[in-house]
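Heads up, query17.cif below (mmCIF, C-alpha atoms):
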data_target
#
loop_
_atom_site.label_atom_id
_atom_site.label_comp_id
_atom_site.auth_asym_id
_atom_site.auth_seq_id
_atom_site.Cartn_x
_atom_site.Cartn_y
_atom_site.Cartn_z
CA MET A 1 -14.41 -26.00 15.43
CA ALA A 2 -15.22 -26.51 19.13
CA LEU A 3 -18.12 -28.83 18.33
CA THR A 4 -16.03 -30.72 15.78
CA SER A 5 -13.30 -31.14 18.41
CA LYS A 6 -15.83 -32.38 20.98
CA ALA A 7 -17.33 -34.80 18.44
CA ASN A 8 -13.88 -36.14 17.51
CA GLU A 9 -13.06 -36.59 21.20
CA MET A 10 -16.25 -38.63 21.62
CA ARG A 11 -15.27 -40.68 18.57
CA GLN A 12 -11.84 -41.37 20.06
CA ASN A 13 -13.61 -42.66 23.17
CA GLY A 14 -15.44 -45.17 21.02
CA GLU A 15 -18.73 -43.33 20.52
CA ASP A 16 -20.34 -43.49 17.07
CA VAL A 17 -20.73 -39.77 16.28
CA ILE A 18 -21.72 -38.45 12.85
CA VAL A 19 -20.03 -35.07 12.30
CA LEU A 20 -22.12 -32.55 10.34
CA THR A 21 -20.19 -29.46 11.50
CA VAL A 22 -17.25 -29.24 9.13
CA GLY A 23 -17.37 -26.81 6.19
CA GLU A 24 -15.25 -28.77 3.75
CA PRO A 25 -16.00 -31.08 0.81
CA ASP A 26 -15.82 -34.81 1.42
CA PHE A 27 -14.49 -35.37 -2.12
CA ASP A 28 -10.80 -35.79 -2.91
CA THR A 29 -8.92 -33.06 -4.76
CA PRO A 30 -9.19 -33.83 -8.51
CA GLN A 31 -6.23 -35.81 -9.83
CA TYR A 32 -5.02 -33.23 -12.37
CA ILE A 33 -4.63 -30.71 -9.54
CA LYS A 34 -2.73 -33.18 -7.34
CA ASN A 35 -0.49 -34.00 -10.30
CA ALA A 36 0.37 -30.30 -10.68
CA GLY A 37 1.43 -30.21 -7.03
CA LYS A 38 3.63 -33.28 -7.49
CA ILE A 39 5.25 -31.81 -10.60
CA ALA A 40 5.97 -28.58 -8.72
CA ILE A 41 7.79 -30.55 -6.02
CA ASP A 42 9.75 -32.59 -8.56
CA GLU A 43 10.75 -29.44 -10.45
CA GLY A 44 12.02 -27.81 -7.25
CA LEU A 45 9.38 -25.09 -7.04
CA THR A 46 9.83 -25.12 -3.28
CA LYS A 47 11.18 -21.62 -2.66
CA TYR A 48 9.62 -18.33 -1.63
CA THR A 49 7.37 -16.75 -4.23
CA PRO A 50 6.44 -13.07 -4.51
CA VAL A 51 4.38 -12.06 -1.48
CA ASP A 52 1.25 -11.47 -3.56
CA GLY A 53 1.50 -14.73 -5.54
CA THR A 54 3.32 -16.18 -8.52
CA VAL A 55 2.97 -14.50 -11.88
CA LEU A 56 1.42 -17.67 -13.33
CA LEU A 57 -1.22 -17.95 -10.63
CA LYS A 58 -2.11 -14.26 -10.75
CA LYS A 59 -2.52 -14.54 -14.53
CA ALA A 60 -4.73 -17.61 -14.04
CA ILE A 61 -6.86 -15.66 -11.56
CA ILE A 62 -7.17 -12.73 -13.98
CA ASN A 63 -8.24 -15.15 -16.74
CA LYS A 64 -10.71 -16.81 -14.39
CA PHE A 65 -12.35 -13.46 -13.61
CA LYS A 66 -12.45 -12.55 -17.29
CA ASN A 67 -13.78 -15.87 -18.58
CA GLU A 68 -16.16 -16.80 -15.77
CA ASN A 69 -17.25 -13.43 -14.37
CA ASN A 70 -16.63 -10.97 -17.20
CA LEU A 71 -14.50 -8.84 -14.86
CA ASP A 72 -11.22 -7.19 -15.85
CA TYR A 73 -8.34 -6.87 -13.39
CA SER A 74 -4.66 -6.02 -13.75
CA MET A 75 -1.78 -7.74 -11.96
CA ASP A 76 -1.59 -5.02 -9.30
CA GLN A 77 -5.25 -5.62 -8.44
CA ILE A 78 -4.71 -9.25 -7.38
CA ILE A 79 -3.27 -10.78 -4.22
CA VAL A 80 -2.93 -14.46 -3.31
CA SER A 81 -3.11 -15.46 0.36
CA ALA A 82 -3.06 -18.59 2.50
CA GLY A 83 -6.80 -19.14 2.14
CA CYS A 84 -9.79 -16.89 1.53
CA LYS A 85 -9.95 -16.45 5.31
CA GLN A 86 -6.58 -14.68 5.32
CA SER A 87 -7.68 -12.47 2.44
CA ILE A 88 -10.74 -11.36 4.44
CA PHE A 89 -8.64 -10.83 7.58
CA ASN A 90 -6.04 -8.77 5.70
CA LEU A 91 -8.74 -6.67 4.05
CA LEU A 92 -10.31 -5.80 7.39
CA GLN A 93 -6.94 -5.00 8.94
CA VAL A 94 -5.99 -2.49 6.25
CA LEU A 95 -9.46 -0.98 5.78
CA VAL A 96 -11.01 -0.78 9.24
CA ASP A 97 -9.72 1.43 12.04
CA LYS A 98 -10.91 2.04 15.60
CA GLY A 99 -14.47 3.34 15.63
CA ASP A 100 -15.25 2.34 12.04
CA GLU A 101 -18.48 0.44 11.53
CA VAL A 102 -18.93 -2.64 9.34
CA ILE A 103 -22.41 -3.74 8.25
CA ILE A 104 -22.89 -7.52 8.21
CA PRO A 105 -26.19 -9.14 7.17
CA GLN A 106 -27.39 -11.97 9.40
CA PRO A 107 -26.81 -14.86 9.32
CA TYR A 108 -23.09 -14.50 8.69
CA TRP A 109 -20.02 -16.69 8.64
CA VAL A 110 -18.83 -16.90 12.24
CA SER A 111 -15.46 -15.18 11.75
CA TYR A 112 -16.77 -11.97 10.16
CA ALA A 113 -17.81 -10.21 13.36
CA ASP A 114 -14.75 -11.28 15.37
CA MET A 115 -12.38 -10.19 12.60
CA VAL A 116 -14.06 -6.76 12.59
CA VAL A 117 -13.64 -6.48 16.37
CA TYR A 118 -9.99 -7.54 16.09
CA SER A 119 -9.40 -4.75 13.56
CA GLY A 120 -10.80 -2.21 16.03
CA GLY A 121 -14.12 -1.81 14.26
CA LYS A 122 -17.70 -2.31 15.33
CA PRO A 123 -19.88 -4.98 13.69
CA VAL A 124 -23.33 -3.62 12.85
CA LEU A 125 -25.67 -6.53 12.23
CA LEU A 126 -28.39 -6.22 9.61
CA GLU A 127 -31.33 -8.41 10.57
CA THR A 128 -33.02 -10.61 7.99
CA GLN A 129 -36.03 -12.90 8.34
CA TYR A 130 -36.21 -16.62 7.59
CA ASP A 131 -39.81 -16.30 6.42
CA LYS A 132 -38.57 -13.76 3.86
CA ASN A 133 -35.80 -16.12 2.77
CA PHE A 134 -33.10 -13.92 4.35
CA ASP A 135 -33.54 -11.19 1.73
CA ILE A 136 -31.82 -7.91 2.62
CA ASP A 137 -34.13 -4.88 2.83
CA PRO A 138 -32.35 -2.00 0.98
CA SER A 139 -34.08 0.58 3.19
CA GLN A 140 -32.77 -1.22 6.26
CA LEU A 141 -29.25 -1.03 4.81
CA GLU A 142 -29.77 2.69 4.15
CA ASN A 143 -30.82 3.25 7.77
CA LEU A 144 -27.69 1.55 9.14
CA ILE A 145 -25.22 3.61 7.10
CA ASN A 146 -23.70 6.68 8.76
CA ASP A 147 -20.44 8.65 8.52
CA LYS A 148 -18.66 5.89 10.51
CA THR A 149 -19.63 3.13 8.09
CA LYS A 150 -16.55 1.80 6.30
CA LEU A 151 -17.53 -1.56 4.85
CA PHE A 152 -20.53 -3.67 3.82
CA MET A 153 -19.77 -7.43 3.85
CA LEU A 154 -21.67 -9.74 1.54
CA ASN A 155 -21.31 -13.51 1.20
CA SER A 156 -23.27 -15.18 -1.62
CA PRO A 157 -24.10 -18.04 -1.74
CA ASN A 158 -24.13 -17.58 2.01
CA ASN A 159 -22.59 -19.64 4.77
CA PRO A 160 -24.59 -20.79 6.78
CA SER A 161 -27.92 -20.23 5.03
CA GLY A 162 -27.16 -21.22 1.42
CA LYS A 163 -28.87 -17.99 0.33
CA TYR A 164 -27.89 -16.51 -3.06
CA PHE A 165 -28.47 -12.78 -3.45
CA ASP A 166 -29.69 -12.41 -7.02
CA SER A 167 -28.86 -9.59 -9.43
CA LYS A 168 -32.20 -7.82 -8.87
CA LEU A 169 -31.50 -7.44 -5.14
CA LEU A 170 -27.82 -6.58 -5.71
CA ILE A 171 -28.84 -3.73 -8.01
CA GLU A 172 -31.17 -2.35 -5.32
CA LEU A 173 -28.42 -2.58 -2.71
CA GLY A 174 -26.01 -0.97 -5.17
CA LYS A 175 -28.32 2.04 -5.53
CA VAL A 176 -28.09 2.58 -1.77
CA LEU A 177 -24.30 2.14 -1.66
CA GLU A 178 -23.78 4.44 -4.65
CA LYS A 179 -24.86 7.38 -2.46
CA HIS A 180 -22.30 6.67 0.26
CA LYS A 181 -18.86 7.12 -1.29
CA GLN A 182 -16.92 6.20 1.87
CA VAL A 183 -18.35 2.66 2.04
CA PHE A 184 -16.37 -0.24 0.59
CA ILE A 185 -18.02 -3.55 -0.29
CA SER A 186 -16.52 -7.01 0.20
CA SER A 187 -17.98 -9.75 -2.01
CA ASP A 188 -17.13 -13.16 -0.58
CA ASP A 189 -17.70 -15.54 -3.52
CA ILE A 190 -16.08 -18.66 -2.08
CA TYR A 191 -19.19 -20.79 -2.81
CA GLU A 192 -19.60 -19.38 -6.34
CA HIS A 193 -19.51 -22.77 -8.06
CA ILE A 194 -21.64 -24.65 -5.53
CA HIS A 195 -24.74 -22.94 -6.77
CA TRP A 196 -28.05 -24.13 -8.21
CA HIS A 197 -30.12 -20.95 -8.29
CA LYS A 198 -31.85 -20.47 -11.66
CA GLU A 199 -29.75 -17.34 -12.30
CA LYS A 200 -26.15 -17.67 -13.45
CA PHE A 201 -23.86 -16.55 -10.63
CA GLN A 202 -23.55 -12.77 -10.38
CA ASN A 203 -21.82 -10.64 -7.78
CA MET A 204 -21.98 -6.94 -6.95
CA ALA A 205 -19.10 -6.15 -9.32
CA ASN A 206 -21.06 -7.68 -12.22
CA VAL A 207 -24.29 -5.79 -11.70
CA CYS A 208 -22.99 -2.50 -10.25
CA PRO A 209 -19.83 -1.67 -12.27
CA SER A 210 -19.93 1.95 -11.09
CA LEU A 211 -18.99 0.65 -7.61
CA ASN A 212 -16.04 -1.45 -8.77
CA ASP A 213 -13.38 0.84 -7.32
CA ARG A 214 -14.95 0.15 -3.90
CA ILE A 215 -15.62 -3.58 -4.33
CA ILE A 216 -13.11 -6.18 -3.17
CA VAL A 217 -13.94 -9.64 -4.53
CA LEU A 218 -12.77 -12.52 -2.34
CA ASN A 219 -12.51 -16.11 -3.49
CA GLY A 220 -10.37 -19.23 -3.36
CA VAL A 221 -10.01 -22.81 -4.51
CA SER A 222 -10.93 -24.60 -1.28
CA LYS A 223 -14.65 -25.26 -1.71
CA ALA A 224 -15.19 -25.67 -5.45
CA TYR A 225 -12.09 -27.80 -6.07
CA SER A 226 -12.07 -29.63 -2.73
CA MET A 227 -8.72 -28.05 -1.82
CA THR A 228 -9.33 -26.89 1.77
CA GLY A 229 -5.97 -28.09 3.06
CA TRP A 230 -4.02 -26.51 0.21
CA ARG A 231 -4.82 -23.06 1.69
CA ILE A 232 -5.10 -20.78 -1.33
CA GLY A 233 -7.39 -17.76 -1.45
CA TYR A 234 -7.26 -14.54 -3.41
CA ALA A 235 -8.66 -11.03 -3.53
CA ALA A 236 -9.20 -8.61 -6.41
CA GLY A 237 -10.07 -4.94 -6.49
CA ASN A 238 -8.86 -1.42 -5.76
CA LYS A 239 -5.10 -1.48 -6.32
CA GLU A 240 -4.35 0.78 -3.33
CA VAL A 241 -6.24 -1.54 -1.00
CA ILE A 242 -4.55 -4.59 -2.55
CA LYS A 243 -1.16 -2.88 -2.15
CA LYS A 244 -1.81 -2.35 1.58
CA MET A 245 -2.91 -5.97 1.93
CA LYS A 246 0.37 -7.01 0.32
CA THR A 247 2.34 -4.83 2.75
CA LEU A 248 0.55 -6.39 5.72
CA GLN A 249 1.01 -9.91 4.37
CA SER A 250 4.72 -9.30 3.79
CA GLN A 251 5.10 -8.65 7.53
CA SER A 252 2.95 -11.59 8.66
CA THR A 253 2.88 -14.77 6.58
CA SER A 254 4.69 -13.64 3.43
CA CYS A 255 3.73 -15.79 0.45
CA ALA A 256 1.34 -18.71 0.36
CA SER A 257 2.78 -22.20 -0.22
CA SER A 258 4.59 -22.41 -3.55
CA ILE A 259 3.37 -25.98 -4.12
CA SER A 260 -0.22 -25.02 -3.37
CA GLN A 261 0.02 -22.07 -5.74
CA ALA A 262 1.13 -24.39 -8.57
CA ALA A 263 -1.80 -26.69 -7.85
CA ALA A 264 -4.24 -23.75 -7.70
CA CYS A 265 -2.91 -22.52 -11.02
CA ALA A 266 -3.79 -25.88 -12.58
CA ALA A 267 -7.23 -25.82 -10.92
CA LEU A 268 -8.10 -22.43 -12.40
CA SER A 269 -6.46 -22.95 -15.79
CA SER A 270 -8.20 -26.16 -16.87
CA ALA A 271 -11.82 -27.20 -17.01
CA CYS A 272 -12.59 -29.27 -13.91
CA LYS A 273 -14.79 -32.13 -15.09
CA GLU A 274 -15.42 -33.18 -11.48
CA LEU A 275 -16.94 -29.85 -10.49
CA PRO A 276 -20.43 -30.33 -12.04
CA SER A 277 -20.73 -33.84 -10.63
CA MET A 278 -19.70 -32.70 -7.13
CA THR A 279 -22.27 -29.88 -7.22
CA ALA A 280 -24.95 -32.28 -8.50
CA GLU A 281 -24.21 -34.61 -5.60
CA TYR A 282 -24.51 -31.74 -3.08
CA LYS A 283 -27.88 -30.84 -4.60
CA LYS A 284 -29.07 -34.44 -4.36
CA ARG A 285 -28.06 -34.59 -0.70
CA HIS A 286 -29.63 -31.18 -0.09
CA ASP A 287 -32.97 -32.34 -1.50
CA TYR A 288 -32.95 -35.44 0.70
CA VAL A 289 -32.03 -33.63 3.94
CA VAL A 290 -34.53 -30.81 3.38
CA GLY A 291 -37.27 -33.37 2.81
CA GLN A 292 -36.40 -35.35 5.95
CA LEU A 293 -36.13 -32.33 8.23
CA ASN A 294 -39.51 -30.99 7.12
CA LYS A 295 -41.12 -34.23 8.35
CA ILE A 296 -40.14 -33.41 11.95
CA PRO A 297 -42.90 -31.53 13.84
CA GLY A 298 -41.81 -28.01 14.76
CA VAL A 299 -39.00 -27.92 12.19
CA THR A 300 -38.99 -25.82 9.02
CA CYS A 301 -36.27 -26.24 6.41
CA LYS A 302 -36.37 -24.11 3.29
CA GLU A 303 -34.55 -25.10 0.14
CA THR A 304 -31.25 -23.30 -0.37
CA ASP A 305 -29.60 -21.81 -3.47
CA GLY A 306 -26.17 -23.39 -3.00
CA THR A 307 -23.25 -24.24 -0.65
CA PHE A 308 -23.14 -27.56 1.18
CA TYR A 309 -25.20 -26.50 4.19
CA VAL A 310 -28.83 -26.39 5.17
CA PHE A 311 -30.01 -24.04 7.91
CA PRO A 312 -33.34 -25.27 9.29
CA SER A 313 -35.43 -23.35 11.81
CA PHE A 314 -36.15 -25.08 15.12
CA VAL A 315 -37.85 -22.00 16.60
CA GLU A 316 -41.23 -23.72 16.91
CA TYR A 317 -39.71 -26.91 18.27
CA ILE A 318 -37.70 -25.04 20.92
CA LYS A 319 -40.74 -22.97 21.91
CA ASN A 320 -42.75 -26.15 22.56
CA SER A 321 -39.93 -28.02 24.32
CA LYS A 322 -39.78 -28.30 28.12
CA THR A 323 -36.07 -29.17 28.21
CA ILE A 324 -34.44 -27.35 25.26
CA ASN A 325 -34.32 -23.57 25.73
CA ASN A 326 -32.23 -22.42 22.77
CA ASP A 327 -30.25 -23.61 19.75
CA SER A 328 -27.10 -24.21 21.83
CA ASP A 329 -29.06 -26.59 24.07
CA LEU A 330 -30.40 -28.24 20.92
CA ALA A 331 -26.94 -28.73 19.39
CA LEU A 332 -25.64 -30.24 22.64
CA TYR A 333 -28.71 -32.48 22.91
CA LEU A 334 -28.23 -33.75 19.36
CA LEU A 335 -24.55 -34.39 20.06
CA ASN A 336 -25.10 -36.22 23.36
CA VAL A 337 -28.33 -38.07 22.59
CA ALA A 338 -28.51 -38.48 18.79
CA LYS A 339 -24.72 -38.62 18.46
CA VAL A 340 -24.89 -36.09 15.61
CA ALA A 341 -22.69 -32.98 15.69
CA THR A 342 -24.23 -29.78 14.29
CA VAL A 343 -23.63 -26.04 14.85
CA PRO A 344 -26.12 -23.73 16.62
CA GLY A 345 -27.45 -20.86 14.52
CA SER A 346 -26.60 -18.33 17.23
CA ALA A 347 -22.94 -18.81 16.27
CA PHE A 348 -23.91 -17.24 12.94
CA GLY A 349 -26.00 -14.47 14.50
CA THR A 350 -29.37 -16.17 13.98
CA GLU A 351 -31.03 -17.80 16.99
CA GLY A 352 -33.24 -20.85 16.76
CA HIS A 353 -31.51 -22.51 13.81
CA ILE A 354 -28.81 -25.13 13.40
CA ARG A 355 -26.38 -25.49 10.52
CA ILE A 356 -26.06 -28.94 9.03
CA SER A 357 -23.23 -29.73 6.63
CA ILE A 358 -24.20 -32.08 3.80
CA ALA A 359 -20.57 -32.59 2.77
CA ILE A 360 -20.71 -36.22 3.85
CA ASP A 361 -21.68 -39.47 2.13
CA THR A 362 -25.37 -40.21 1.61
CA SER A 363 -25.52 -43.26 3.88
CA SER A 364 -24.13 -41.22 6.79
CA LEU A 365 -26.66 -38.46 6.06
CA GLU A 366 -29.48 -41.01 6.05
CA GLU A 367 -28.37 -42.35 9.42
CA ALA A 368 -27.95 -38.81 10.80
CA MET A 369 -31.46 -37.80 9.73
CA LYS A 370 -32.90 -40.95 11.34
CA ARG A 371 -31.05 -40.22 14.58
CA ILE A 372 -32.13 -36.57 14.66
CA SER A 373 -35.75 -37.48 13.93
CA ASP A 374 -35.83 -40.28 16.52
CA SER A 375 -34.20 -38.20 19.25
CA LEU A 376 -36.56 -35.27 18.75
#
Written as structure tokens, that's how I'd like the structure from this file.
Amino acid sequence: MALTSKANEMRQNGEDVIVLTVGEPDFDTPQYIKNAGKIAIDEGLTKYTPVDGTVLLKKAIINKFKNENNLDYSMDQIIVSAGCKQSIFNLLQVLVDKGDEVIIPQPYWVSYADMVVYSGGKPVLLETQYDKNFDIDPSQLENLINDKTKLFMLNSPNNPSGKYFDSKLLIELGKVLEKHKQVFISSDDIYEHIHWHKEKFQNMANVCPSLNDRIIVLNGVSKAYSMTGWRIGYAAGNKEVIKKMKTLQSQSTSCASSISQAAACAALSSACKELPSMTAEYKKRHDYVVGQLNKIPGVTCKETDGTFYVFPSFVEYIKNSKTINNDSDLALYLLNVAKVATVPGSAFGTEGHIRISIAIDTSSLEEAMKRISDSL
């Protein structure tokens, strides 16, 4: 957000900055979803809704889980919030107390660790290696679990790396977690549909059903349906945990926007013909950017499994540079010299990388890659 703000400030001062920091689709919300929002306004659906979401939207979410993920939930196992981010925040607030430990694989979405700290807990970072494609070592997870461990947080496909944790690995992780009954698991599936791994999307609840009473699945409509500003997320899982999240939400934000809920209901209830084409476009951009970055000496960029980010390693480049000492220096250099805004990997717990958003038109990406290459 800080880098985006700085880039926008430079733009306002007349500088030609290409912003590759923002984690939101560049496509418009599909028309049928916008129409549902308009109809909701015209029909006067502008009042408070139940704190945990409208009956129609909760039913649509239950049907989505059943039809797309083969998961069964009841109404009291679902809560709708003002974005997936709020769902994650609420979960941590009701689950984590002072002294509790939360295991987070690196790299991780920037807010995870700070949300844990805010809840009174301690983030315990699980290291992964780029040369091993960020795979999680089950024995390493086992070694980090103790009697203070309360939660294991998983995000797949992952922001910032684009890594998808396949069913084979999830089963191995599940075997470890099965032995530790006090540990809950959060499965952040927000990039579920922006996914091109050869395996059909699976999460921990799919492959380890014996853990389902401890798994909270988190999702939303922002990324897949290009609805970031509509602010609708949801969580599903253990009804006692969901009930506590509802209690907390009732004393903070109350319900999510009634208009947005109507639009989200339409998004989840009808086949979105735009979704495959949007994902195909992300993959096309991904292939181009990966190819261009790998032409730069000292830069390694592996192909990802999904999302609209790439997360190249500049470790070798930084090591050989006389002026750039770390990824923060690199991000500032690219902003000031190449006029391209990116995010340093250290913000995500992984030094020596930068995150590049490909949620921007191809011509801008082509210009950005030329600028980055020329400046380095």
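On the file presented, the PyMOL selection byres ((chain A and resi 79) around 9) picks out Val51, Asp52, Gly53, Lys58, Met75, Asp76, Gln77, Ile78, Val80, Ser81, Ser87, Gly233, Tyr234, Ala235, Ala236, Ile242, Lys243, Met245 and Lys246 of chain A.
For the structure shown here, the set of residues caught by the PyMOL selection byres ((chain A and resi 92) around 9) is Ser87, Ile88, Phe89, Asn90, Leu91, Gln93, Val94, Leu95, Val96, Asp97, Met115, Val116, Tyr118, Ser119, Gly121 and Leu151 of chain A.
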### Task
Kindly give the distance, in Å, that separates atom CA of Lys370 of chain A and atom CA of Ile194 of chain A, rounded to a single decimal.
26.0 Å
### Query
Separation of atom CA of Asp72 of chain A and atom CA of Asn238 of chain A, in Å?
11.9 Å
### Message
Take the PyMOL selection byres ((chain A and resi 105) around 8), run it mentally on this structure, and tell me the resulting residues as JSON, numbers by chain.
### Response
{"A": [103, 104, 106, 107, 108, 125, 126, 127, 128, 136, 153, 154]}
Closest-contact table, segment 274-368 of chain A side, partner segment 218-231 of chain A, 10 Å, counting only C-alpha atoms, as JSON lines:
{"residue": "A:Glu274", "atom": "CA", "partner": "A:Tyr225", "partner_atom": "CA", "distance": 8.3}
{"residue": "A:Leu275", "atom": "CA", "partner": "A:Ala224", "partner_atom": "CA", "distance": 6.8}
{"residue": "A:Pro276", "atom": "CA", "partner": "A:Ala224", "partner_atom": "CA", "distance": 9.6}
{"residue": "A:Met278", "atom": "CA", "partner": "A:Ala224", "partner_atom": "CA", "distance": 8.5}
{"residue": "A:Thr279", "atom": "CA", "partner": "A:Ala224", "partner_atom": "CA", "distance": 8.4}
{"residue": "A:Thr307", "atom": "CA", "partner": "A:Lys223", "partner_atom": "CA", "distance": 8.7}
{"residue": "A:Phe308", "atom": "CA", "partner": "A:Lys223", "partner_atom": "CA", "distance": 9.3}
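When atom CA of Asp26 of chain A is paired with atom CA of Ser375 of chain A, their separation reads 25.8 Å.
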### Message
When you look at Ile358 of chain A with a cut-off of 9 Å (counting all atoms listed in the file), what residues show up, excluding the ones that are within fewer than 3 positions of it in the same chain? I need them as a list in words.
### Response
Leu20, Gly23, Pro25, Tyr282, Arg285, His286, Val289, Phe308, Tyr309, Val310, Asp361, Thr362 and Leu365 of chain A
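Using all atoms listed in the file for every distance, the candidate list A:Ile185, A:Ala271, A:Ile232, A:Val117 yields A:Ala271 as the residue closest to Pro30 of chain A.
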### Query
Of the residues A:Ser269, A:Gln31, A:Gln292, A:Ser139, which is the one nearest to Lys59 of chain A, using all atoms listed in the file?
A:Ser269
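Of the residues listed (A:Val124, A:Ile216, A:Cys301, A:Leu211), A:Ile216 shows the shortest atom-to-atom separation from Asn155 of chain A; distances use all atoms listed in the file.
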Axis-aligned box for all listed atoms of segment 178-187 of chain A, 5 Å per side, centre and edges in Å to one decimal, as AutoDock Vina command-line options:
--center_x -20.6 --center_y -1.2 --center_z -1.3 --size_x 18.5 --size_y 27.1 --size_z 16.7
## Note on the structure
If you count only C-alpha atoms, the residue of A:Lys132, A:Glu15, A:Phe348, A:Ala262 closest to Thr54 of chain A turns out to be A:Ala262
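Within the 7 Å cut-off around Lys163 of chain A, using only C-alpha atoms and omitting residues fewer than 6 positions from it on the same chain, the listed residues are A:Ser156, A:Pro157, A:Thr304, A:Asp305, A:Gly306.
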### Query
Neighbours of Met1 of chain A within 9 Å (only C-alpha atoms; same-chain residues fewer than 5 positions away dropped), as an MDAnalysis selection string?
chainID A and resid 6 21:22
## Note on the structure
If you count only C-alpha atoms, the residue of A:Ala267, A:Ala256, A:Ala205, A:Ala7 closest to Ile61 of chain A turns out to be A:Ala267
